[in-house]
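As structure tokens, the structure follows; a few thoughts come after it.
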Amino acid sequence: AFEHEIPAGHSAFLYVFEGEAEAGSGAGASIVSRGSLAVLGRGDAVRVTAPNGPARVLLLAGRPLGEPIVKSGPFVMNAREQIMEAIDDFRTGRF
């Protein structure tokens, strides 16, 4: 088990790549299975346990960019025009 602080104003998520983990504690705890991602709610820390055996997780946090997000296939950009340009670049070998 571990507890990790999340800086104020940051968004965070937990990805389980081995085993099964529990994020949170008490009534607010959630089980996260291998290959799943949990977007964490607001708070200043997260507690992660592995109640059913060993688990390996990635915990990521960062300040939100506050910019629009457009996605299509493997591409993520800020505007539809940028997505179309990326697709064109990929198709023509400029990517």
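Labels for the structure tokens follow display order: chains A, B, ..., residues from 1 in each chain, ligands from 1.
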
Using only C-alpha atoms, which residues sit within 12 Å of A:Ala12 once same-chain residues fewer than 6 positions away are excluded, as a PDB file with C-alpha atoms, in the first residue's frame?
```
ATOM      1  CA  HIS A   4       0.847   9.857  -2.493  1.00  0.00           C
ATOM      2  CA  GLU A   5       0.134  13.580  -2.401  1.00  0.00           C
ATOM      3  CA  ILE A   6      -1.505  15.199  -5.415  1.00  0.00           C
ATOM      4  CA  ALA A  23      -7.796   3.445  -5.105  1.00  0.00           C
ATOM      5  CA  LEU A  37      -7.590   3.336 -15.913  1.00  0.00           C
ATOM      6  CA  ALA A  38      -9.237   5.239 -13.058  1.00  0.00           C
ATOM      7  CA  VAL A  39      -9.627   9.001 -13.271  1.00  0.00           C
ATOM      8  CA  LEU A  40      -9.257  10.231  -9.708  1.00  0.00           C
ATOM      9  CA  GLY A  41     -11.549  12.790  -8.116  1.00  0.00           C
ATOM     10  CA  ARG A  42     -10.505  15.965  -6.358  1.00  0.00           C
ATOM     11  CA  GLY A  43      -8.354  15.703  -3.290  1.00  0.00           C
ATOM     12  CA  ASP A  44      -4.867  16.301  -1.998  1.00  0.00           C
ATOM     13  CA  ALA A  45      -3.746  12.655  -1.823  1.00  0.00           C
ATOM     14  CA  VAL A  46      -4.569   9.164  -3.093  1.00  0.00           C
ATOM     15  CA  LEU A  58       1.231   4.017 -12.793  1.00  0.00           C
ATOM     16  CA  LEU A  59       0.017   7.144 -11.009  1.00  0.00           C
ATOM     17  CA  LEU A  60       0.123  10.271 -13.147  1.00  0.00           C
ATOM     18  CA  ALA A  61      -0.834  13.819 -12.241  1.00  0.00           C
ATOM     19  CA  GLY A  62      -0.459  17.196 -13.874  1.00  0.00           C
ATOM     20  CA  ARG A  63      -1.980  20.631 -14.219  1.00  0.00           C
ATOM     21  CA  PRO A  64      -4.824  20.683 -16.753  1.00  0.00           C
TER      22      PRO A  64
END
```

Mind listing the helix (DSSP H, G or I) residues of stretch 25-87 of chain A, per DSSP on the backbone, as a ChimeraX atom specification?
-> /A:26-28,80-87

Contact residues around A:Phe17 with only C-alpha atoms at 8 Å, ignoring same-chain residues under 4 positions, as number ranges by chain | A: 34-36, 55-58

Just C-alpha atoms for this one: save the residues we selected as a CSV table (one decimal), in the first residue's frame.
```
chain,number,residue,atom,x,y,z
A,34,ARG,CA,-5.4,-4.9,-14.9
A,35,GLY,CA,-5.5,-2.9,-18.1
A,36,SER,CA,-8.0,-0.3,-16.7
A,55,ALA,CA,-0.2,-5.2,-8.2
A,56,ARG,CA,1.8,-2.7,-10.3
A,57,VAL,CA,0.4,0.7,-11.2
A,58,LEU,CA,1.2,4.0,-12.8
```

Near-A:Phe2 list (7 Å; only C-alpha atoms; drop same-chain fewer than 2 positions) as JSON, numbers by chain = {"A": [4, 47, 48, 49]}

Write the residues you've just listed into a file as an mmCIF file, in the first residue's frame, and include all heavy atoms for each of them.
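Result file follows (out.cif):
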```cif
data_model
loop_
_atom_site.group_PDB
_atom_site.id
_atom_site.type_symbol
_atom_site.label_atom_id
_atom_site.label_comp_id
_atom_site.auth_asym_id
_atom_site.auth_seq_id
_atom_site.Cartn_x
_atom_site.Cartn_y
_atom_site.Cartn_z
ATOM 1 N N HIS A 4 0.040 8.864 -1.794
ATOM 2 C CA HIS A 4 0.847 9.857 -2.493
ATOM 3 C C HIS A 4 0.076 11.165 -2.571
ATOM 4 O O HIS A 4 -1.118 11.180 -2.882
ATOM 5 C CB HIS A 4 1.188 9.360 -3.894
ATOM 6 C CG HIS A 4 2.226 10.171 -4.578
ATOM 7 N ND1 HIS A 4 3.560 10.108 -4.253
ATOM 8 C CD2 HIS A 4 2.129 11.090 -5.558
ATOM 9 C CE1 HIS A 4 4.238 10.941 -5.015
ATOM 10 N NE2 HIS A 4 3.388 11.549 -5.815
ATOM 11 N N ARG A 47 -4.708 7.105 -1.856
ATOM 12 C CA ARG A 47 -4.212 5.902 -1.201
ATOM 13 C C ARG A 47 -4.490 4.724 -2.127
ATOM 14 O O ARG A 47 -5.608 4.543 -2.601
ATOM 15 C CB ARG A 47 -4.899 5.686 0.143
ATOM 16 C CG ARG A 47 -4.444 4.444 0.861
ATOM 17 C CD ARG A 47 -4.974 4.389 2.287
ATOM 18 N NE ARG A 47 -4.712 3.116 2.906
ATOM 19 C CZ ARG A 47 -3.537 2.689 3.326
ATOM 20 N NH1 ARG A 47 -2.480 3.448 3.178
ATOM 21 N NH2 ARG A 47 -3.401 1.498 3.880
ATOM 22 N N VAL A 48 -3.458 3.918 -2.400
ATOM 23 C CA VAL A 48 -3.575 2.768 -3.291
ATOM 24 C C VAL A 48 -3.151 1.524 -2.521
ATOM 25 O O VAL A 48 -2.094 1.517 -1.888
ATOM 26 C CB VAL A 48 -2.705 2.943 -4.557
ATOM 27 C CG1 VAL A 48 -2.820 1.741 -5.469
ATOM 28 C CG2 VAL A 48 -3.080 4.216 -5.291
ATOM 29 N N THR A 49 -3.997 0.493 -2.578
ATOM 30 C CA THR A 49 -3.680 -0.787 -1.947
ATOM 31 C C THR A 49 -3.868 -1.896 -2.973
ATOM 32 O O THR A 49 -4.447 -1.680 -4.042
ATOM 33 C CB THR A 49 -4.578 -1.063 -0.719
ATOM 34 O OG1 THR A 49 -5.940 -1.075 -1.144
ATOM 35 C CG2 THR A 49 -4.388 -0.004 0.350
#
```

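Excluding stretch 86-94 of chain A itself and any same-chain residue fewer than 4 positions from it, the protein and nucleic acid residues within 9 Å of it, counting only C-alpha atoms, are Ser72, Phe75, Met77, Glu81 and Gln82 of chain A.
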
Written file, previous selection with C-alpha atoms, as a short mmCIF file (atom, residue, chain, number, x, y, z; two decimals), in the first residue's frame:
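Saved file part.cif follows:
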```cif
data_model
loop_
_atom_site.label_atom_id
_atom_site.label_comp_id
_atom_site.auth_asym_id
_atom_site.auth_seq_id
_atom_site.Cartn_x
_atom_site.Cartn_y
_atom_site.Cartn_z
CA SER A 72 -9.36 10.91 -34.15
CA PHE A 75 -4.12 11.64 -33.20
CA MET A 77 -4.80 17.87 -31.29
CA GLU A 81 -8.06 21.26 -38.86
CA GLN A 82 -4.93 20.02 -37.07
#
```

Exercise: A:Gly66 partners within 12 Å, only C-alpha atoms, chain neighbours under 4 positions left out, as a ChimeraX atom specification = /A:9-11,62,78

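Atom CA of A:Ile31 is positioned 10.1 Å from atom CA of A:Val16.
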
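Residues of stretch 30-73 of chain A assigned to strand (DSSP E) by DSSP on this structure's backbone: A:Ser30, A:Ile31, A:Val32, A:Ser33, A:Leu37, A:Ala38, A:Val39, A:Ala45, A:Val46, A:Arg47, A:Val48, A:Thr49, A:Arg56, A:Val57, A:Leu58, A:Leu59, A:Leu60, A:Ala61, A:Gly62, A:Val70, A:Lys71, A:Ser72.
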
Calculate how many Å separate atom CA of A:Asn52 from atom CA of A:Ser33, rounding to one decimal.
-> 10.7 Å
